[in-house]
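Step one of this worksheet: look at the structure below.
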Amino acid sequence: MKSRSQDQSLSDSRELDRSYDPLTGNPPSKPNKKTIKQRFLKLLPCCRSGSSSSITQSNISDDDELSTVRYRPERIDRLVQQTNFTKKELQVLYRGFKNECPSGVVNEETFKSIYSQFFPHGDSSMYAHFLFEAFDTHNNGSVSFEDFIVSLSIILRGSITDKLNWAFNLYDLNKDGCITREEMTDIMGSIYDMMGKYTYPCMKENASKEHVDNFFQKMDKNKDGVVTIEEFLDTCQKDESIMQSMHMFDNVI
């Protein structure tokens, strides 16, 4: 006889199979908060259909789970200190990560391949490239479980300032401390490419450029052609809609 937690787990899994959205950035359409949460969770291998029930039935051991792959992550107790996840949550996330990536790390091509499955009508390769670089904090061409979980902790449970800093780092493609018009054009172009031509309402051909223009009109306070982290934080923290979007992933897992 199924327990209440198992029934809930199966229900959650079915819900999570319905949709998906990018981790960050402002898509052309405005989905509701529940849909965004469901879509975001589909990024997590451990949250895909059929995974939740098997996880809740498993009795996960620290030593067993953290020693069966070629790449050995930090001890789980240390990750508890470094992130906003509990020990049990980290065990569940690690099981999903290991199942999807037995070697313990993800390279860019694998990351792109996984990401492309959620955008069949668009080209997600460039946005996935930018996103991969944001996760690849050591700039070594691979994302380990630690890289993944630290960023995920910020996105889901970090402070507003932490989340904004993470978003700024994503947009600052060459990591020189400021966002140029060219960088934002590349980011927005990749988002619109990823969403594809079959969006509703249909996007105007110059929608990406208009978004970049609006971004700089709002953010570039001293009109020097670049947006600094100070300008970015100050503007975002005074914008009610941006602040609301920063909470869209609260309590998602």
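Every chain in the structure tokens takes a letter, A first, then B, and so on in the order presented; its residues are numbered from 1, and the ligands are numbered from 1 following the presented order.
By only C-alpha atoms, and with residues fewer than 3 positions from Asp172 (chain A) along its chain excluded, the set lying at most 12 Å from it is Phe130, Leu131, Glu133, Ala134, Asn165, Trp166, Ala167, Phe168, Asn169, Lys175, Asp176, Gly177, Cys178, Ile179, Thr180, Arg181, Glu182, Glu183, Met184, Thr185, Asp186, Ile187, Val226, Val227, Thr228, Ile229 and Phe232 of chain A.
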Given the choices A:Met219, A:Ser125, A:Ile76, A:Phe118, which gets closest to Ile149 (chain A) if the distance is worked out from only C-alpha atoms?
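Result for the nearest residue to Ile149 (chain A): A:Ile76.
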Could you go through region 67-153 of chain A and tell me which residues DSSP, when run on the backbone, assigns to alpha helix (DSSP H), listing them as a ChimeraX atom specification?
/A:76-82,87-100,108-116,125-135,145-153
